[in-house]
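K.L.:
Here it is, the structure in full.
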Amino acid sequence: MPTSSHRTPVHPADRLILLLTLLFVATAGLRPSAAHAQEKDASEPSIYADSLTHLEDWGSYAVAVANERLYFGSGNQLIIADASAPGRIREISRLRLPYLVRDVHVAGEYVYVANDAGGLRVVDVTDPVEPTEVASIAFDDRVDAVDVQGTHAYVAARSAGLHILNIANPDQPRTVGHYATEDQVAGVAVDGAYAHVAAVYDGHRILDVSAPTQPEEVGFAIRGSYDQGYAWDVAVSGDHAYVANVEIGLRRVDITNPADAAPTVELLQTVHHTNDNRYRAEVLDRPAAVEIANDFAFVADQNAGLRIVDLSDPDTLRIVGTADTPGRALDVAVAGTTAFVADQYAGIRVIDVSDPFAPAEIGFWDADQQAVQVTLADGALYLADQQNGLWRLDPASPADVTPTGFYHFPELNTFAVDGSRAVVGNGARTLRLLDLSDPQQPREHGTLTLPAPAADVHLASPYAYVTAQERGLRIIDVSNPDAPREVAAYVPDRAPRAQADTEFRYYPDPPSAWAITASGDTAFVSFDDGLHVLDLSDPARPRRIGRYDHTERAMQTALRDGRLFAAFDDGLHILDVSNPANPKRMGTLDTPSYARAVALDGPHLYLGDLTGGVLVVDVSDPTTPRLLSRVALERSRVVDVAYDGNGHVFVAGTSGGLKVIDVSDPQAPRLLNPN
């Protein structure tokens with residue numbers, strides 16, 4: 001059995017979900033008069049300044065696509081990504097802005113961003129690797145949407161109305177026209193001489209903007225009233241406008257004569273759920289955005305995901321396809337046969353809509369990717385994304401790893417790779433064998449249902465050794481990958497154990513198994529009550545031969561030269577296991593919070609700490625491990641680390657995904673991808 005080190009996933013107690021309370025600021029009294037609203041310096045304090053906190057965590061509200069590039073928001077960051085292969089979104093760069101990115105419009109070499117209380121931001125993307133903000137204008141209320149036609153930008157600024165800006169010189173935008181509604185302006189779409197305004201409870205207003213300095217209302221499709229719902233977005237195609245109404249549904253409006261515009265057909269929102277709590281296929285939830293392409297309306301329908309509406313029948317709007325997304329669909333952009341959905345906390349979802357009747361997700365970008373394990377094997381980097389599945393990455397350029405394969409397996413907890421074979425385990429108690437001969441398209445073999453979710457796995461053919469939490473260590477025969485079968489289990493007794501301070505610690509259930517490291521016929525398995533040393537010379541009859549008692553669990557261990565390096569909850573423990581029957585503690589090192597992962601490199605050890613980042617430790621004298629340096633990872637909860645043997649540490653975290661640290665100078669490690 002080869003020497004190995006494996007990562008165990010996040011314990012449920014570690015899965016802290018930060019619930020952001022959205023503080024709505026009253027806008028009563030802030031609406032300007034019908035006179036021209038005055039623009040102000042974007043650097044001035046905003047009325048929303050106290051309500052927008054932890055902006056990085058607010059998710060994706062907006063997405064646009066142009067020339068095989070994606071431009072989207074993630075909290076207060078504008079992110080540019082390569083979408084030339086839609087199933088694999090590759091981030092190119094990001095630019096931090098003052099406030100939440102609510103809308104994005106691409107025009108030539110410039111991106112116009114509706115930046116909430118930050119007003120309108122103009123970003124030069126001539127060099128997509130180094131986007132540069134060149135101008136900004138703020139208004140008396142937040143900016144929700146922007147559209148651009150020719151040399152003018154049309155800005156929806158809620159109670160501050162619609163502002164028309166001259167952008168002939170993008171570096172110096174200036175307001176030339178203004179229109180105020182009785183209610184707030186949330187969306188805008190410009191088509192020729194007309195601007196269509198989604199004015200919340202004031203309905204769908206149509207403006208003649210042929211003279212941008214003097215916009216004039218010429219028609220309205222829905223007279224403002226609360227029972228007519230909440231107009232949030234509008235899209236125009238030919239002789240029709242389509243209004244996404246959050247409280248009503250989707251409306252088609254005949255705009256052949258803008259002065260006499262009227263709804264012709266509606267797809268109303270009704271009862272949302274069936275008995276099994278799924279969204280009904282024939283009705284909408286709360287449409288937030290709409291885009292028209294190829295005689296279909298693509299609707300970002302919040303909790304119901306992406307809905308595709310057939311527009312071919314002039315008398316009927318009919319949902320023909322639904323792609324359920326894991327988050328809250330708030331915006332959509334379509335390019336060819338691909339739809340990109342801004343799915344709030346689930347990032348950007350990539351949907352193949354070549355068959356509108358059967359849309360299917362083919363990729364994603366997730367700002368808060370739940371990376372729970374990272375492993376280097378045979379020159380490839382494997383990353384466990386708990387939400388989605390197993391990624392295979394090319395680590396040749398550590399600061400910009402490139403995906404080379406993906407296997408969809410939700411709730412992925414742990415995995416192990418051995419040559420062209422892999423074992424994956426998830427929170428649904430499923431253990432599955434994979435053939436990695438074609439890394440771009442892993443092939444499924446057999447599946448086994450475990451008695452409890454897998455926490456860690458060690459693969460040494462013909463056996464897989466799986467820690468199954470409260471159900472102990474399970475030993476699986478994988479000699480026939482199409483029919484894996486359990487041959488034995490090791491579950492410690494549940495008797496109370498006396499502590500050195502004479503107090504007792506009781507385990508009403510057997511102590512849970514977490515991490516496993518094995519060498520030859522000996523396995524070191526971490527339980528809630530310390531470390532158990534097992535003789536596996538007969539896999540059908542595992543036998544405990546030694547034990548290291550401790551009141552905490554170890555979430556990962558690594559073995560080298562008769563010494564075991566263990567990341568216990570209370571810090572690093574180094575054990576002498578040259579005599580497996582009698583493990584002895586040699587040295588310890590306290591960590592800032594909870595030690596979670598270890599990776600070895602000669603005299604150095606890289607220690608992942610849950611909220612304390614990555615510690616570089618000198619272990620040349622195992623009796624006195626010495627901290628050399630630490631890399632703090634803002635907002636990231638570290639659960640695994642891997643060393644590539646070439647000066648780089650790869651870090652898996654439950655917020656922010658994969659991070660890479662240059663440790664060529666152990667005294668001064670450097671984070672290569674801080675964003």
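Just remember, in the structure tokens the first chain shown is A, the second B, etc., residues are 1-based per chain, and ligands are 1-based in the order shown.
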Would you kindly return, as a list of chain:residue names, each protein, DNA or RNA residue with an atom no farther than 10 Å from any atom of segment 310-313 of chain A, considering only C-alpha atoms and excluding same-chain residues fewer than 4 positions away?
P.N.:
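My reading of the contact set: A:Arg252, A:Ile292, A:Ala293, A:Asn294, A:Asp295, A:Phe296, A:Ala297, A:Phe298, A:Leu317, A:Arg318, A:Ile319, A:Val320, A:Gly321, A:Pro356, A:Phe357.
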K.L.:
Please build the interface table for segment 615-636 of chain A against segment 598-607 of chain A with a cut-off of 6 Å, listing for each qualifying residue the nearest atom pair and the distance in Å to one decimal; count only C-alpha atoms, order rows by chain and increasing number, and write it as a tab-separated table.
P.N.:
residue	atom	partner	partner_atom	distance
A:Leu615	CA	A:Leu607	CA	5.0
A:Val616	CA	A:Tyr606	CA	4.9
A:Val617	CA	A:Leu605	CA	5.1
A:Asp618	CA	A:His604	CA	4.8
A:Val619	CA	A:Pro603	CA	5.4
A:Ser620	CA	A:Pro603	CA	4.7
K.L.:
Sorted by chain and rising residue number, list the residues of segment 369-413 of chain A at most 12 Å from segment 88-110 of chain A (counting only C-alpha atoms), each with its closest atom pair and distance in Å to one decimal, as a tab-separated table.
P.N.:
residue	atom	partner	partner_atom	distance
A:Trp391	CA	A:Arg88	CA	10.9
A:Arg392	CA	A:Arg88	CA	11.7
A:Leu393	CA	A:Arg88	CA	11.2
A:Ala399	CA	A:Ile92	CA	11.3
A:Asp400	CA	A:Glu91	CA	8.6
A:Val401	CA	A:Arg90	CA	9.1
A:Thr402	CA	A:Arg90	CA	7.5
A:Pro403	CA	A:Arg88	CA	7.0
A:Thr404	CA	A:Arg88	CA	8.9
A:Gly405	CA	A:Arg88	CA	9.3
A:Phe406	CA	A:Arg88	CA	9.5
